[in-house]
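**Student:** Here you go, one structure.
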Amino acid sequence: MFLTDRKKSKELNFYEVLERRTALGEGERKMLKILRQGFEGEQSYDRLWDEVGHDHLLIFRDIWMKVENATLQIDALIVHGDRLIVNEIKNYSGMYQYADGSWSVNSFQISEDPVAQVSRTAGKLIRLKYGGGHGHPFEVDRKVAFVNPNFNLTTDTEESKNHIITRPMLKYYMRDVARRSSGADASALSDTIRSCIIEDPMALPEVDAARIRTGLYCGRCGSFKLILDRYRSHCTSCGHQETIEYQTVQSIIDFATLFSEENLSKKGVRWITGAEVSDRRIERYLNKYCTLVRKGKHSTYTIDTLNFGDLLKMKGYNSKYEKGERILLD
Ligand SMILES: [Zn+2]
């Protein structure tokens, strides 16, 4: 069973919001592409697990951990018995060569070495048994899982082959892992893992506010060309309709994602919505969807999650309510 959800990373969310609200530079475009491909690869890895079945396994997905002084990010960590398996997921496609400790694609050398990466992670994890007096003896196994069917690898290193699983073998590998069941030891070890999980510590780039296009946009096609009535927006590009509440919450998330170091306030939301939403409404939505931390003329808020869907659910957004009288009164 999956013990943690896999969601878009903070970084991927950041570049997606940036893309909606500005023209990306070349480096940003590349970054977004890499992050999207990575996330798609992780999702197809998860789907394979669902096909194979993972009821008797404990699988952490997409976690950040602090082990002694080391910070590590793990795409998938499988706990069974007294053994941990680290899976580093890669969505590479193309003709790759791995020889003499270096990787190249179509004869161009690349700086990333996934085998070294997964080995470093495993090396840090093994310290768990010495740190903090946990005292569970365990082994750490490691594999790089190449999920893309269009990935071709030529390698002459036996050692590295042991740590690489390509797409055609992935289901066999998963079935083999799934055959080994998780006993009592597994829950003790997974408790230890859980106690080391931290929030995603990645620092996001700073954004120049002058680059950001303000205003509300269509949640379906992304167009900013909307006609607003009192409680709904109508997209002139695709005809889609959304509530002002829905779109304002999206804008609140956009602001908090792009300017995570800044205070979340009415002023910021007024700015990013292009002053298209009344202050009274902004205040009401901030109070409903965010947590007030400093009250006063310049009230500031925090937001529990930057995941739009999660936030709407958590705070009880109801699409029937949006046609209700309370919004019309506003
Ligand atoms: Zn639209």
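Lettering and numbering for the structure tokens are positional, with chains as A, B, ... in the shown order, residues counted from 1 in each chain, and ligands counted from 1 in the shown order.
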Please, which residues have at least one atom within 8 Å of an atom of ligand 1, using only C-alpha atoms and all ligand atoms, listed as number ranges by chain?
**Tutor:** A: 217-223, 234-241
**Student:** For the residues selected in the previous step, produce a file with C-alpha atoms as a PDB file, in the first residue's frame.
**Tutor:**
ATOM      1  CA  TYR A 217      -7.960  33.616 -15.964  1.00  0.00           C
ATOM      2  CA  CYS A 218     -10.005  30.737 -17.291  1.00  0.00           C
ATOM      3  CA  GLY A 219      -9.299  27.490 -15.480  1.00  0.00           C
ATOM      4  CA  ARG A 220      -9.923  25.507 -18.632  1.00  0.00           C
ATOM      5  CA  CYS A 221      -8.002  27.303 -21.384  1.00  0.00           C
ATOM      6  CA  GLY A 222      -5.924  29.806 -19.385  1.00  0.00           C
ATOM      7  CA  SER A 223      -7.263  32.853 -21.225  1.00  0.00           C
ATOM      8  CA  HIS A 234     -17.417  33.757 -18.716  1.00  0.00           C
ATOM      9  CA  CYS A 235     -14.414  32.958 -20.851  1.00  0.00           C
ATOM     10  CA  THR A 236     -14.644  34.683 -24.234  1.00  0.00           C
ATOM     11  CA  SER A 237     -12.087  32.264 -25.699  1.00  0.00           C
ATOM     12  CA  CYS A 238     -13.644  28.907 -24.837  1.00  0.00           C
ATOM     13  CA  GLY A 239     -17.008  29.707 -23.300  1.00  0.00           C
ATOM     14  CA  HIS A 240     -16.198  28.109 -19.968  1.00  0.00           C
ATOM     15  CA  GLN A 241     -17.795  29.529 -16.844  1.00  0.00           C
TER      16      GLN A 241
END
**Student:** What's around Gln43 (chain A) at 12 Å? Count only C-alpha atoms, leave out sequence neighbours fewer than 3 positions away in its own chain, and write the answer as an NGL selection string.
**Tutor:** :A and (5-8 or 36-40 or 46-50 or 61-62 or 75-76 or 89-91 or 147-148)
**Student:** Measuring between only C-alpha atoms, which one of A:Ala188, A:Leu18, A:Val67, A:Ala116 shows the shortest distance to Ser251 (chain A)?
**Tutor:** A:Leu18
**Student:** So that each row is one residue of region 52-140 of chain A with an atom at most 10 Å from region 195-203 of chain A, can you give its shortest atom pair and the distance in Å to one decimal, using only C-alpha atoms, rows by chain and rising number, as a Markdown table?
**Tutor:**
| residue | atom | partner | partner_atom | distance |
| --- | --- | --- | --- | --- |
| A:Asp62 | CA | A:Asp200 | CA | 9.7 |
| A:Ile63 | CA | A:Ile197 | CA | 6.7 |
| A:Trp64 | CA | A:Ile198 | CA | 5.5 |
| A:Met65 | CA | A:Ile197 | CA | 4.4 |
| A:Lys66 | CA | A:Cys196 | CA | 5.4 |
| A:Val67 | CA | A:Cys196 | CA | 6.5 |
| A:Glu68 | CA | A:Cys196 | CA | 9.3 |
| A:Thr71 | CA | A:Pro201 | CA | 8.8 |
| A:Leu72 | CA | A:Ile197 | CA | 9.5 |
| A:Gln73 | CA | A:Asp200 | CA | 8.5 |
| A:Leu128 | CA | A:Cys196 | CA | 9.2 |
**Student:** Write to file, as a PDB file, in the first residue's frame, the residues of the selection just made, with N, CA, C and O atoms.
**Tutor:**
ATOM      1  N   ASP A  62       7.633   9.792  -2.979  1.00  0.00           N
ATOM      2  CA  ASP A  62       8.006  11.199  -3.064  1.00  0.00           C
ATOM      3  C   ASP A  62       8.188  11.849  -1.689  1.00  0.00           C
ATOM      4  O   ASP A  62       7.435  12.741  -1.308  1.00  0.00           O
ATOM      5  N   ILE A  63       9.178  11.396  -0.963  1.00  0.00           N
ATOM      6  CA  ILE A  63       9.400  11.970   0.371  1.00  0.00           C
ATOM      7  C   ILE A  63      10.761  12.667   0.467  1.00  0.00           C
ATOM      8  O   ILE A  63      11.691  12.329  -0.260  1.00  0.00           O
ATOM      9  N   TRP A  64      10.797  13.628   1.356  1.00  0.00           N
ATOM     10  CA  TRP A  64      12.055  14.261   1.750  1.00  0.00           C
ATOM     11  C   TRP A  64      12.357  13.787   3.165  1.00  0.00           C
ATOM     12  O   TRP A  64      11.460  13.710   4.000  1.00  0.00           O
ATOM     13  N   MET A  65      13.619  13.457   3.388  1.00  0.00           N
ATOM     14  CA  MET A  65      13.997  12.976   4.724  1.00  0.00           C
ATOM     15  C   MET A  65      15.238  13.693   5.214  1.00  0.00           C
ATOM     16  O   MET A  65      16.068  14.153   4.440  1.00  0.00           O
ATOM     17  N   LYS A  66      15.327  13.767   6.524  1.00  0.00           N
ATOM     18  CA  LYS A  66      16.543  14.274   7.157  1.00  0.00           C
ATOM     19  C   LYS A  66      17.122  13.094   7.929  1.00  0.00           C
ATOM     20  O   LYS A  66      16.497  12.563   8.847  1.00  0.00           O
ATOM     21  N   VAL A  67      18.302  12.669   7.525  1.00  0.00           N
ATOM     22  CA  VAL A  67      18.969  11.571   8.225  1.00  0.00           C
ATOM     23  C   VAL A  67      20.313  12.095   8.686  1.00  0.00           C
ATOM     24  O   VAL A  67      21.167  12.441   7.870  1.00  0.00           O
ATOM     25  N   GLU A  68      20.487  12.173   9.996  1.00  0.00           N
ATOM     26  CA  GLU A  68      21.640  12.879  10.575  1.00  0.00           C
ATOM     27  C   GLU A  68      21.692  14.259   9.931  1.00  0.00           C
ATOM     28  O   GLU A  68      20.709  14.971   9.962  1.00  0.00           O
ATOM     29  N   THR A  71      20.143  15.640   3.876  1.00  0.00           N
ATOM     30  CA  THR A  71      18.774  15.788   3.396  1.00  0.00           C
ATOM     31  C   THR A  71      18.649  14.950   2.136  1.00  0.00           C
ATOM     32  O   THR A  71      19.489  15.058   1.251  1.00  0.00           O
ATOM     33  N   LEU A  72      17.638  14.102   2.067  1.00  0.00           N
ATOM     34  CA  LEU A  72      17.493  13.301   0.866  1.00  0.00           C
ATOM     35  C   LEU A  72      16.067  13.290   0.351  1.00  0.00           C
ATOM     36  O   LEU A  72      15.119  13.421   1.121  1.00  0.00           O
ATOM     37  N   GLN A  73      15.986  13.169  -0.964  1.00  0.00           N
ATOM     38  CA  GLN A  73      14.679  13.110  -1.617  1.00  0.00           C
ATOM     39  C   GLN A  73      14.579  11.726  -2.247  1.00  0.00           C
ATOM     40  O   GLN A  73      15.507  11.272  -2.916  1.00  0.00           O
ATOM     41  N   LEU A 128      20.599   5.372   9.143  1.00  0.00           N
ATOM     42  CA  LEU A 128      19.433   5.364  10.022  1.00  0.00           C
ATOM     43  C   LEU A 128      19.630   4.429  11.206  1.00  0.00           C
ATOM     44  O   LEU A 128      19.213   4.709  12.310  1.00  0.00           O
TER      45      LEU A 128
END
**Student:** Using DSSP on the backbone coordinates, identify the residues of region 85-206 of chain A assigned to strand (DSSP E); present them as a PyMOL selection string.
**Tutor:** chain A and resi 85-90+94-99+102-105+108-110+139-146+151-155+164-166+197-198
**Student:** Using the selection just defined, write its residues with N, CA and C atoms as a compact mmCIF listing (two decimals), in the first residue's frame.
**Tutor:**
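Below is the file selection.txt, written as the result:
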# COMPACT_ATOMS: atom_id res chain seq x y z
N ILE A 85 14.09 -0.67 0.08
CA ILE A 85 14.47 -0.59 -1.32
C ILE A 85 14.21 0.84 -1.81
N VAL A 86 15.26 1.47 -2.31
CA VAL A 86 15.13 2.80 -2.87
C VAL A 86 14.95 2.67 -4.37
N ASN A 87 13.91 3.28 -4.90
CA ASN A 87 13.73 3.36 -6.34
C ASN A 87 13.84 4.81 -6.79
N GLU A 88 14.83 5.07 -7.59
CA GLU A 88 14.98 6.38 -8.21
C GLU A 88 14.31 6.26 -9.57
N ILE A 89 13.30 7.12 -9.83
CA ILE A 89 12.52 6.96 -11.07
C ILE A 89 13.01 7.94 -12.14
N LYS A 90 13.30 7.43 -13.30
CA LYS A 90 13.76 8.29 -14.40
C LYS A 90 12.90 8.08 -15.63
N GLY A 94 15.27 7.85 -25.37
CA GLY A 94 16.35 8.01 -26.34
C GLY A 94 17.41 6.93 -26.17
N MET A 95 18.50 7.13 -26.90
CA MET A 95 19.59 6.15 -26.87
C MET A 95 20.64 6.60 -25.86
N TYR A 96 20.77 5.83 -24.80
CA TYR A 96 21.73 6.20 -23.75
C TYR A 96 22.88 5.20 -23.71
N GLN A 97 24.04 5.73 -23.35
CA GLN A 97 25.18 4.85 -23.08
C GLN A 97 25.68 5.14 -21.68
N TYR A 98 26.08 4.07 -21.03
CA TYR A 98 26.69 4.23 -19.72
C TYR A 98 27.98 3.42 -19.73
N ALA A 99 29.09 4.15 -19.72
CA ALA A 99 30.39 3.47 -19.77
C ALA A 99 31.41 4.26 -18.96
N SER A 102 30.32 7.22 -16.79
CA SER A 102 29.66 8.44 -17.26
C SER A 102 28.54 8.09 -18.26
N TRP A 103 27.55 8.96 -18.26
CA TRP A 103 26.36 8.75 -19.06
C TRP A 103 26.38 9.67 -20.27
N SER A 104 25.93 9.15 -21.39
CA SER A 104 25.76 10.04 -22.54
C SER A 104 24.48 9.65 -23.29
N VAL A 105 23.93 10.66 -23.95
CA VAL A 105 22.73 10.42 -24.75
C VAL A 105 23.04 10.89 -26.16
N PHE A 108 26.26 12.58 -26.58
CA PHE A 108 26.57 13.76 -25.76
C PHE A 108 26.58 13.38 -24.29
N GLN A 109 27.68 13.73 -23.66
CA GLN A 109 27.79 13.37 -22.24
C GLN A 109 26.80 14.19 -21.40
N ILE A 110 26.16 13.58 -20.42
CA ILE A 110 25.28 14.31 -19.51
C ILE A 110 25.85 14.28 -18.09
N GLU A 139 18.83 -3.79 5.78
CA GLU A 139 19.63 -3.63 4.57
C GLU A 139 18.96 -2.64 3.64
N VAL A 140 19.77 -2.01 2.80
CA VAL A 140 19.21 -1.08 1.83
C VAL A 140 19.58 -1.55 0.43
N ASP A 141 18.55 -1.79 -0.36
CA ASP A 141 18.75 -2.18 -1.74
C ASP A 141 18.40 -0.96 -2.60
N ARG A 142 18.91 -0.91 -3.80
CA ARG A 142 18.66 0.27 -4.62
C ARG A 142 18.54 -0.07 -6.10
N LYS A 143 17.63 0.64 -6.76
CA LYS A 143 17.46 0.46 -8.21
C LYS A 143 17.08 1.80 -8.84
N VAL A 144 17.58 2.00 -10.04
CA VAL A 144 17.06 3.11 -10.84
C VAL A 144 16.03 2.49 -11.76
N ALA A 145 14.81 3.02 -11.70
CA ALA A 145 13.73 2.49 -12.53
C ALA A 145 13.51 3.41 -13.73
N PHE A 146 13.85 2.94 -14.90
CA PHE A 146 13.64 3.72 -16.12
C PHE A 146 12.26 3.35 -16.68
N PHE A 151 13.25 4.15 -23.85
CA PHE A 151 14.59 4.30 -23.28
C PHE A 151 15.44 3.10 -23.68
N ASN A 152 16.55 3.37 -24.33
CA ASN A 152 17.46 2.30 -24.72
C ASN A 152 18.81 2.52 -24.09
N LEU A 153 19.34 1.49 -23.49
CA LEU A 153 20.61 1.66 -22.78
C LEU A 153 21.64 0.65 -23.27
N THR A 154 22.80 1.19 -23.54
CA THR A 154 23.94 0.32 -23.79
C THR A 154 24.91 0.52 -22.64
N THR A 155 25.28 -0.56 -22.00
CA THR A 155 26.22 -0.43 -20.90
C THR A 155 27.11 -1.66 -20.84
N ILE A 164 19.94 -1.22 -12.24
CA ILE A 164 19.11 -0.61 -13.28
C ILE A 164 17.97 -1.56 -13.67
N ILE A 165 16.75 -0.99 -13.71
CA ILE A 165 15.62 -1.76 -14.21
C ILE A 165 15.01 -0.94 -15.34
N THR A 166 14.92 -1.53 -16.51
CA THR A 166 14.30 -0.80 -17.62
C THR A 166 12.83 -1.22 -17.74
N ILE A 197 10.75 12.14 8.06
CA ILE A 197 10.22 12.87 6.91
C ILE A 197 10.11 14.37 7.23
N ILE A 198 10.56 15.16 6.26
CA ILE A 198 10.48 16.63 6.42
C ILE A 198 9.72 17.22 5.23
**Student:** What does the distance between CA of Gly274 (chain A) and CA of Ser9 (chain A) come to in Å, to one decimal place?
**Tutor:** 27.1 Å
**Student:** Please measure the separation of CA of Leu12 (chain A) and CA of Lys288 (chain A), giving the value in Å to one decimal.
**Tutor:**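 Taking CA of Leu12 (chain A) and CA of Lys288 (chain A), their separation equals 26.0 Å.
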